[in-house]
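Text of the file target13.cif, holding mmCIF, C-alpha atoms:
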data_run
loop_
_atom_site.label_atom_id
_atom_site.label_comp_id
_atom_site.auth_asym_id
_atom_site.auth_seq_id
_atom_site.Cartn_x
_atom_site.Cartn_y
_atom_site.Cartn_z
CA ILE L 1 -47.80 32.22 199.80
CA ASP L 2 -47.77 32.17 196.02
CA PRO L 3 -45.01 29.89 194.65
CA ALA L 4 -44.93 31.90 191.42
CA ALA L 5 -44.33 35.20 193.19
CA ALA L 6 -40.99 36.65 194.30
CA PHE L 7 -40.16 35.34 197.76
CA PRO L 8 -38.98 37.66 200.50
CA SER L 9 -35.58 36.86 201.99
CA TYR L 10 -37.02 35.25 205.10
CA VAL L 11 -40.52 34.21 206.09
CA TYR L 12 -41.39 33.01 209.59
CA LEU L 13 -44.81 31.71 210.46
CA ALA L 14 -44.89 31.00 214.17
CA GLY L 15 -47.39 29.41 216.48
CA GLY L 16 -47.66 30.33 220.13
CA GLY L 17 -47.50 28.21 223.26
CA ALA L 18 -48.92 24.80 223.92
CA GLY L 19 -52.41 24.45 222.53
CA GLN L 20 -51.83 26.99 219.78
CA GLY L 21 -50.30 26.34 216.40
CA VAL L 22 -50.14 27.22 212.72
CA SER L 23 -52.87 26.41 210.22
CA MET L 24 -52.62 27.20 206.49
CA THR L 25 -55.29 26.41 203.90
CA ALA L 26 -55.17 27.12 200.16
CA GLY L 27 -57.42 26.17 197.28
CA GLY L 28 -54.40 26.02 194.98
CA ASP L 29 -50.70 25.52 195.66
CA VAL L 30 -48.67 26.48 198.71
CA GLY L 31 -45.06 27.38 197.88
CA LEU L 32 -42.22 27.73 200.39
CA SER L 33 -38.78 29.06 199.54
CA VAL L 34 -35.56 27.73 201.01
CA ASP L 35 -35.61 30.48 203.64
CA THR L 36 -39.19 29.86 204.74
CA SER L 37 -39.80 28.35 208.17
CA VAL L 38 -43.15 27.23 209.55
CA GLY L 39 -42.60 26.62 213.23
CA ALA L 40 -44.47 26.26 216.49
CA TRP L 41 -43.69 25.73 220.15
CA ALA L 42 -45.18 22.42 221.28
CA ALA L 43 -48.21 23.04 219.07
CA PRO L 44 -49.50 21.51 215.83
CA ILE L 45 -48.75 22.68 212.30
CA ARG L 46 -51.37 21.94 209.65
CA VAL L 47 -51.05 22.86 205.98
CA ALA L 48 -53.74 21.88 203.48
CA ALA L 49 -53.66 22.66 199.76
CA GLY L 50 -56.07 21.79 196.99
CA GLY L 51 -53.06 21.76 194.70
CA SER L 52 -49.50 20.98 195.76
CA ILE L 53 -47.28 21.93 198.69
CA LEU L 54 -44.03 22.84 196.99
CA GLY L 55 -40.64 24.21 197.87
CA GLN L 56 -37.70 23.75 200.19
CA GLY L 57 -39.18 24.99 203.43
CA PHE L 58 -38.76 23.90 207.05
CA PHE L 59 -41.64 22.63 209.16
CA GLY L 60 -41.39 21.85 212.84
CA SER L 61 -40.27 22.90 216.28
CA TRP L 62 -38.17 26.00 216.73
CA ASP L 63 -37.71 25.56 220.45
CA ASN L 64 -38.40 22.31 222.29
CA ALA L 65 -37.45 23.56 225.75
CA TRP L 66 -40.92 23.14 227.21
CA PRO L 67 -40.50 20.95 230.32
CA ASP L 68 -42.06 17.52 229.79
CA GLY L 69 -43.91 18.81 226.77
CA THR L 70 -44.53 17.18 223.43
CA GLY L 71 -42.83 18.21 220.20
CA THR L 72 -44.73 19.91 217.44
CA ALA L 73 -46.89 17.68 215.23
CA VAL L 74 -46.87 18.35 211.47
CA THR L 75 -49.68 17.45 209.07
CA LEU L 76 -49.36 18.27 205.36
CA THR L 77 -52.25 17.38 203.05
CA ALA L 78 -52.17 18.14 199.33
CA GLY L 79 -54.41 17.33 196.40
CA GLY L 80 -51.27 17.15 194.28
CA SER L 81 -47.66 16.61 195.34
CA ILE L 82 -45.60 17.50 198.43
CA SER L 83 -41.98 18.57 198.49
CA PHE L 84 -39.98 19.89 201.44
CA ASP L 85 -36.48 20.26 202.76
CA TYR L 86 -36.73 19.41 206.46
CA ILE L 87 -39.49 18.38 208.85
CA ASP L 88 -38.29 18.36 212.45
CA THR L 89 -40.54 17.49 215.37
CA ALA L 90 -37.80 15.89 217.46
CA GLY L 91 -37.79 16.45 221.21
CA PHE L 92 -34.21 17.60 221.60
CA SER L 93 -33.55 20.63 223.76
CA GLU L 94 -30.97 22.13 226.09
CA GLY L 95 -33.16 21.22 229.04
CA ALA L 96 -35.13 18.03 229.57
CA GLY L 97 -35.76 16.13 226.37
CA GLN L 98 -39.36 15.77 225.33
CA HIS L 99 -41.43 13.48 223.17
CA GLY L 100 -41.18 13.83 219.41
CA GLY L 101 -44.30 14.89 217.51
CA ASN L 102 -46.08 12.88 214.85
CA VAL L 103 -45.63 13.64 211.14
CA SER L 104 -48.35 12.87 208.60
CA LEU L 105 -48.02 13.61 204.87
CA SER L 106 -50.60 12.85 202.21
CA ALA L 107 -50.28 13.56 198.48
CA GLY L 108 -53.61 12.93 196.78
CA SER L 109 -52.52 12.75 193.14
CA GLY L 110 -48.76 13.16 193.14
CA SER L 111 -45.51 12.29 194.87
CA VAL L 112 -43.78 13.11 198.16
CA THR L 113 -40.17 14.29 197.97
CA GLY L 114 -38.00 15.51 200.82
CA TYR L 115 -34.61 15.50 202.45
CA ARG L 116 -35.13 14.73 206.14
CA ILE L 117 -37.89 13.86 208.63
CA ALA L 118 -36.94 13.76 212.32
CA THR L 119 -39.35 12.77 215.11
CA ASP L 120 -36.80 11.46 217.62
CA GLY L 121 -37.45 11.48 221.34
CA GLY L 122 -35.05 13.58 223.39
CA PRO L 123 -32.56 12.29 225.97
CA ARG L 124 -33.23 12.72 229.67
CA TYR L 125 -31.20 12.47 232.86
CA GLY L 126 -32.52 10.64 235.91
CA GLU L 127 -35.82 9.69 234.28
CA ALA L 128 -37.21 7.80 231.30
CA GLY L 129 -36.06 8.82 227.85
CA ALA L 130 -38.64 10.59 225.72
CA ASN L 131 -40.66 8.72 223.10
CA ALA L 132 -40.37 9.36 219.38
CA GLY L 133 -43.25 10.47 217.18
CA HIS L 134 -44.69 8.36 214.38
CA VAL L 135 -44.16 9.03 210.66
CA THR L 136 -46.92 8.31 208.13
CA VAL L 137 -46.54 9.14 204.43
CA ASN L 138 -49.09 8.32 201.72
CA ALA L 139 -48.72 9.16 198.04
CA THR L 140 -50.56 8.21 194.88
CA GLY L 141 -47.25 8.54 193.06
CA GLY L 142 -43.81 7.80 194.46
CA ILE L 143 -42.03 8.61 197.73
CA THR L 144 -38.42 9.79 197.82
CA ILE L 145 -36.90 10.78 201.19
CA ASP L 146 -33.21 10.85 202.01
CA SER L 147 -33.47 9.99 205.71
CA ILE L 148 -36.04 9.41 208.46
CA GLY L 149 -35.24 9.39 212.17
CA ALA L 150 -37.76 8.18 214.77
CA THR L 151 -35.49 6.94 217.57
CA GLY L 152 -36.31 6.64 221.24
CA GLY L 153 -34.57 9.00 223.62
CA TYR L 154 -31.68 7.77 225.75
CA ALA L 155 -32.11 7.65 229.52
CA TYR L 156 -28.91 8.65 231.32
CA GLU L 157 -28.16 8.25 234.98
CA GLY L 158 -28.76 11.44 236.91
CA ASN L 159 -30.15 12.74 240.18
CA GLY L 160 -29.61 9.35 241.80
CA ALA L 161 -31.72 7.44 239.27
CA ALA L 162 -31.57 5.79 235.85
CA GLY L 163 -34.78 5.64 233.80
CA GLN L 164 -36.09 3.45 231.02
CA GLY L 165 -35.08 4.14 227.43
CA GLY L 166 -37.60 5.93 225.23
CA ARG L 167 -39.85 4.16 222.75
CA ALA L 168 -39.09 4.51 219.04
CA GLY L 169 -41.72 5.68 216.59
CA ASN L 170 -43.36 3.72 213.80
CA VAL L 171 -42.60 4.59 210.17
CA THR L 172 -45.25 3.78 207.55
CA LEU L 173 -44.76 4.66 203.87
CA SER L 174 -47.43 3.75 201.31
CA ALA L 175 -47.12 4.68 197.62
CA GLY L 176 -48.64 3.88 194.27
CA GLY L 177 -45.23 4.22 192.64
CA ASP L 178 -41.62 3.66 193.70
CA ILE L 179 -40.38 4.15 197.26
CA VAL L 180 -36.77 5.33 197.52
CA VAL L 181 -35.33 5.98 200.98
CA GLY L 182 -31.74 6.40 202.10
CA SER L 183 -32.03 5.46 205.78
CA ILE L 184 -34.67 4.82 208.43
CA ASP L 185 -33.65 4.78 212.11
CA ALA L 186 -36.35 3.62 214.53
CA TYR L 187 -34.36 1.97 217.31
CA GLY L 188 -35.28 2.07 220.98
CA GLY L 189 -33.46 4.34 223.40
CA ASP L 190 -30.82 2.86 225.71
CA SER L 191 -30.89 3.06 229.49
CA VAL L 192 -27.39 4.06 230.53
CA GLY L 193 -26.29 3.59 234.13
CA TYR L 194 -22.82 4.46 235.37
CA GLU L 195 -22.66 3.94 239.13
CA LEU L 196 -26.31 2.86 239.31
CA PRO L 197 -27.88 -0.14 237.54
CA ALA L 198 -29.51 0.65 234.23
CA ALA L 199 -33.26 0.30 233.73
CA ALA L 200 -35.08 -1.31 230.78
CA GLY L 201 -34.22 -0.48 227.18
CA GLY L 202 -36.77 1.29 225.03
CA ALA L 203 -39.01 -0.55 222.56
CA ALA L 204 -38.02 -0.51 218.89
CA GLY L 205 -40.38 0.79 216.24
CA ALA L 206 -42.16 -0.87 213.34
CA VAL L 207 -41.20 0.06 209.77
CA ALA L 208 -43.62 -0.74 206.92
CA LEU L 209 -42.95 0.20 203.28
CA SER L 210 -45.61 -0.74 200.76
CA SER L 211 -45.79 0.04 197.05
CA SER L 212 -48.86 -0.99 195.07
CA GLY L 213 -47.39 -0.32 191.62
CA GLY L 214 -43.62 0.08 191.77
CA GLN L 215 -40.48 -1.06 193.53
CA ILE L 216 -38.74 -0.36 196.84
CA ASP L 217 -35.15 0.81 197.17
CA VAL L 218 -33.83 1.43 200.71
CA ASP L 219 -30.23 1.61 201.86
CA TYR L 220 -30.53 1.09 205.60
CA ILE L 221 -33.17 0.28 208.24
CA ASP L 222 -32.37 0.03 211.96
CA VAL L 223 -35.03 -1.18 214.41
CA GLU L 224 -32.75 -2.48 217.14
CA GLY L 225 -34.20 -2.91 220.63
CA GLY L 226 -32.91 -0.60 223.34
CA TRP L 227 -30.09 -1.70 225.64
CA GLY L 228 -30.50 -1.81 229.41
CA ALA L 229 -30.83 -4.00 232.47
CA GLN L 230 -33.77 -5.57 230.61
CA ALA L 231 -33.11 -5.48 226.90
CA ALA L 232 -35.89 -4.72 224.43
CA ARG L 233 -36.93 -6.90 221.54
CA GLY L 234 -35.97 -5.98 217.99
CA GLY L 235 -38.60 -4.21 215.94
CA THR L 236 -40.62 -5.22 212.90
CA VAL L 237 -39.80 -4.48 209.25
CA SER L 238 -42.23 -5.13 206.38
CA LEU L 239 -41.35 -4.45 202.74
CA SER L 240 -43.86 -5.20 199.98
CA ALA L 241 -43.87 -4.31 196.28
CA PRO L 242 -45.02 -5.87 192.99
CA GLY L 243 -41.63 -5.01 191.47
CA ASP L 244 -38.12 -5.41 192.83
CA VAL L 245 -37.18 -4.85 196.45
CA ARG L 246 -33.64 -3.48 196.75
CA ILE L 247 -32.10 -3.29 200.22
CA GLY L 248 -28.69 -2.46 201.58
CA GLU L 249 -29.02 -3.52 205.21
CA VAL L 250 -31.89 -4.27 207.61
CA TRP L 251 -30.97 -4.42 211.30
CA ALA L 252 -33.75 -5.89 213.46
CA VAL L 253 -31.68 -7.27 216.34
CA GLY L 254 -32.58 -7.47 220.01
CA GLY L 255 -31.04 -5.09 222.51
CA ASP L 256 -28.12 -6.04 224.74
CA SER L 257 -28.68 -6.75 228.43
CA GLN L 258 -26.36 -5.15 230.98
CA GLY L 259 -27.00 -7.65 233.73
CA SER L 260 -28.37 -11.11 234.45
CA ALA L 261 -31.47 -10.78 232.29
CA ALA L 262 -31.54 -12.41 228.85
CA GLY L 263 -30.67 -10.42 225.77
CA GLY L 264 -33.55 -9.02 223.77
CA GLN L 265 -35.27 -11.28 221.28
CA GLY L 266 -34.57 -10.67 217.61
CA GLY L 267 -37.22 -8.85 215.60
CA THR L 268 -39.30 -9.81 212.58
CA VAL L 269 -38.48 -9.03 208.95
CA ARG L 270 -40.96 -9.79 206.19
CA ILE L 271 -40.11 -9.08 202.55
CA GLN L 272 -42.48 -9.68 199.64
CA ALA L 273 -41.30 -8.83 196.12
CA GLY L 274 -43.13 -9.60 192.90
CA GLY L 275 -39.84 -9.15 191.08
CA ASN L 276 -36.33 -9.71 192.40
CA LEU L 277 -34.91 -9.25 195.87
CA VAL L 278 -31.62 -7.39 195.33
CA PHE L 279 -29.01 -6.85 198.03
CA THR L 280 -27.17 -3.64 197.19
CA ALA L 281 -24.57 -3.37 199.97
CA PRO L 282 -21.34 -5.38 199.96
CA TRP L 283 -21.78 -6.66 203.52
CA TRP L 284 -21.69 -10.24 204.69
CA THR L 285 -25.05 -9.82 206.36
CA ASN L 286 -27.75 -7.73 204.70
CA VAL L 287 -30.69 -8.76 206.91
CA ALA L 288 -30.13 -9.53 210.59
CA ALA L 289 -32.62 -10.53 213.30
CA ASP L 290 -30.15 -11.68 215.95
CA GLY L 291 -30.97 -11.94 219.61
CA GLY L 292 -29.09 -9.52 221.84
CA TRP L 293 -26.10 -10.18 224.03
CA SER L 294 -26.24 -10.45 227.80
CA THR L 295 -23.30 -9.68 230.06
CA ALA L 296 -24.33 -12.21 232.72
CA GLY L 297 -27.42 -14.01 231.40
CA THR L 298 -28.41 -15.95 228.28
CA GLY L 299 -28.40 -14.54 224.80
CA GLY L 300 -31.68 -13.47 223.27
CA GLN L 301 -33.62 -15.77 220.96
CA GLY L 302 -33.17 -15.15 217.25
CA GLY L 303 -36.03 -13.52 215.37
CA VAL L 304 -37.99 -14.30 212.20
CA ILE L 305 -37.06 -13.54 208.59
CA ASP L 306 -39.76 -14.35 206.02
CA VAL L 307 -38.93 -13.72 202.35
CA ARG L 308 -41.25 -14.26 199.38
CA VAL L 309 -39.98 -13.35 195.93
CA GLY L 310 -41.44 -13.85 192.47
CA GLY L 311 -38.17 -13.43 190.61
CA GLY L 312 -35.34 -14.45 192.89
CA PRO L 313 -32.79 -13.20 195.40
CA ARG L 314 -29.52 -11.88 194.07
CA HIS L 315 -26.63 -9.72 195.18
CA GLY L 316 -25.88 -6.39 193.55
CA HIS L 317 -22.21 -6.51 194.55
CA PRO L 318 -19.58 -9.21 193.97
CA SER L 319 -19.39 -11.34 197.09
CA PRO L 320 -17.78 -14.74 197.64
CA ARG L 321 -20.52 -15.66 200.10
CA GLY L 322 -23.59 -14.28 198.38
CA ALA L 323 -26.48 -12.37 199.86
CA GLY L 324 -26.83 -12.34 203.60
CA LEU L 325 -29.63 -13.34 205.92
CA ARG L 326 -28.90 -14.01 209.54
CA PHE L 327 -30.71 -14.81 212.74
CA ARG L 328 -29.27 -16.40 215.81
CA ARG L 329 -29.18 -16.30 219.56
CA VAL L 330 -26.12 -14.47 220.77
CA GLY L 331 -24.42 -14.23 224.11
CA HIS L 332 -23.98 -17.39 226.12
CA GLN L 333 -26.00 -19.50 223.69
CA ARG L 334 -26.45 -19.31 219.94
CA VAL L 335 -29.42 -21.16 218.60
CA GLY L 336 -31.31 -19.78 215.59
CA ASN L 337 -34.98 -20.01 214.74
CA ARG L 338 -36.37 -21.47 211.55
CA LEU L 339 -36.16 -19.26 208.50
CA PRO L 340 -38.86 -19.76 205.86
CA ILE L 341 -37.75 -18.76 202.35
CA ARG L 342 -40.42 -18.81 199.68
CA SER L 343 -39.95 -18.07 195.98
CA GLY L 344 -42.01 -18.65 192.88
CA VAL L 345 -40.07 -21.78 192.00
CA GLN L 346 -39.07 -23.45 195.21
CA ARG L 347 -39.34 -23.34 198.96
CA ASN L 348 -36.43 -23.95 201.24
CA GLN L 349 -36.53 -24.24 205.01
CA ARG L 350 -33.43 -24.63 207.04
CA ARG L 351 -32.44 -24.37 210.67
CA ASN L 352 -29.36 -22.56 211.74
CA VAL L 353 -26.44 -24.62 212.98
CA PRO L 354 -25.89 -23.84 216.69
CA GLY L 355 -22.92 -21.54 217.10
CA GLN L 356 -22.90 -20.47 213.45
CA PRO L 357 -24.59 -17.46 211.84
CA PHE L 358 -27.06 -18.16 209.06
CA ASP L 359 -25.74 -15.50 206.76
CA ARG L 360 -26.73 -16.45 203.25
CA TYR L 361 -29.36 -18.17 201.19
CA ALA L 362 -28.94 -21.92 200.84
CA GLY L 363 -28.56 -22.45 197.10
CA LEU L 364 -30.96 -19.70 196.11
CA CYS L 365 -28.50 -16.89 195.33
CA ARG L 366 -27.56 -16.23 191.77
#

Here is a file; write its structure as structure tokens.
Amino acid sequence: IDPAAAFPSYVYLAGGGAGQGVSMTAGGDVGLSVDTSVGAWAAPIRVAAGGSILGQGFFGSWDNAWPDGTGTAVTLTAGGSISFDYIDTAGFSEGAGQHGGNVSLSAGSGSVTGYRIATDGGPRYGEAGANAGHVTVNATGGITIDSIGATGGYAYEGNGAAGQGGRAGNVTLSAGGDIVVGSIDAYGGDSVGYELPAAAGGAAGAVALSSSGGQIDVDYIDVEGGWGAQAARGGTVSLSAPGDVRIGEVWAVGGDSQGSAAGGQGGTVRIQAGGNLVFTAPWWTNVAADGGWSTAGTGGQGGVIDVRVGGGPRHGHPSPRGAGLRFRRVGHQRVGNRLPIRSGVQRNQRRNVPGQPFDRYAGLCR
């Protein structure tokens, strides 16, 4: 499809059933208009261009109603840049939810720009929730994506049973330039029982953002463990850039336990910034790795927050309490883990006071 040519009103490129898909290869550019859809039914979509993959097209699953199937996988590989409107491999359907498909994007000499990537697992009744697909984006230039969803599917009580929550997907973004993302949701699916006991919550995903030559700016990351009779541990978040790291909120808490089991353990958050660490949201807590609650057992152990900054931590909004970091055990007991804070000028280690949230830097905010 020539991006310089006049586009028809609608273009549909469809793959067949499971095992079949769509494959497009071009020595130059591939251009997709806003009304162009590249879809497949539980089959892979592969687009490779020697130049760039440009436009506002849709890639993904048109119909995910295949019983117990796997959502479409999408692979876009370009020698230049990649731009898109929506990539959807989520496993939602009117019938049984299915696993989300993986998404892989690679821009050899340019940037990746898009609105939405969704690889969520679908909900199911009376069985385990579906797992989410993984998201991998690599760009020589920058990466700008408004939102990414890779959440585990919920497991609802049905047919006399309640299954385990679905596993979340991993989200990995690597860029030579800046990484700008609105939100990333990679939390585990909940197990929801009504008259029957719930099962285990789904595992949270791992989110890794790495820039080799720019800065990172992300509004919201959620890698909470799934809720259930056995709560899941919070996920892992890693942010690394030679410039500033700007974050609104990172939520890496353990899932809540609906029974006598302990709440889920808090996750791990590691932030490494060659410049400043800037908190951009006016919340009391910007980074949380709390343990989960338990309705009848002990609270989950707090997680780990490891921050290394070359410039210094500061808050982008006026706040009487400064930037927020918090980890603690919640539920029947509240005892936090040790939080290492490392900067280019000093190192401060402090333990949380039992019963109190550790919700700001100790003397390091400015």

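Counting from CA of Asp29 (chain L), the distance to CA of Ala118 (chain L) is 24.6 Å.
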
**Item:** Non-local contacts of Ser240 (chain L) (8 Å; all atoms listed in the file; under 6 positions in same chain excluded) as a ChimeraX atom specification
**Value:** /L:209-211,216,271-273

**Item:** Nearby residues, (-38.8, -5.1, 232.8) file frame, 9 Å, only C-alpha atoms, as a list in words
**Value:** Ala199, Ala200, Gly201, Ala229, Gln230, Ala231 and Ala232 of chain L

**Request:** Convert the output of the PyMOL selection byres ((chain L and resi 160) around 10) on the shown file into explicit residues, formatted as a PyMOL selection string.
**Result:** chain L and resi 125-127+157-159+161-162+195-196

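With distances restricted to only C-alpha atoms, L:Ala128 is the closest residue to Gly189 (chain L) from L:Leu173, L:Val218, L:Ala128, L:Val112.
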
**Request:** Name the residues in contact with Gly149 (chain L) at a cut-off of 12 Å, using all atoms listed in the file, excluding same-chain residues fewer than 5 positions from it; report them as a PyMOL selection string.
**Result:** chain L and resi 86-91+100-103+115-122+132-135+168-171+181-188+205+207+220-223

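Nearest to Val287 (chain L) of all the residues L:Asp217, L:Asp85, L:Asp178, L:Asp306 is L:Asp306, based on all atoms listed in the file.
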
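Distance-wise, CA of Trp293 (chain L) and CA of Ala206 (chain L) end up 21.4 Å apart.
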
**Prompt:** Pick the closest to Thr280 (chain L) from L:Val250, L:Gly299, L:Gly50, L:Val38: which is it, counting all atoms listed in the file?
**Reply:** L:Val250

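The two atoms in question, CA of Ala26 (chain L) and CA of Ala49 (chain L), are spaced 4.7 Å apart.
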
**Message:** Under the PyMOL selection byres ((chain L and resi 129) around 6), which residues of this model are included? Write them out as a VMD selection string.
**Reply:** chain L and resid 123 to 124 128 130 153 to 155 165 to 166

**Request:** Excluding Val137 (chain L) and any residue of its chain fewer than 2 positions from it, enumerate the residues within 6 Å of it, using all atoms listed in the file, and give them as a list of chain:residue names.
**Result:** L:Ser104, L:Leu105, L:Ser106, L:Leu173

**Request:** List, as number ranges by chain, every residue that the PyMOL selection byres ((chain L and resi 270) around 9) selects in the file provided.
**Result:** L: 236-240, 268-269, 271-272, 304-308

**Message:** With all atoms listed in the file as the counted atoms, please give the residues lying no more than 6 Å from region 252-267 of chain L, apart from itself and same-chain residues fewer than 2 positions off, as number ranges by chain.
**Reply:** L: 223-236, 288-303
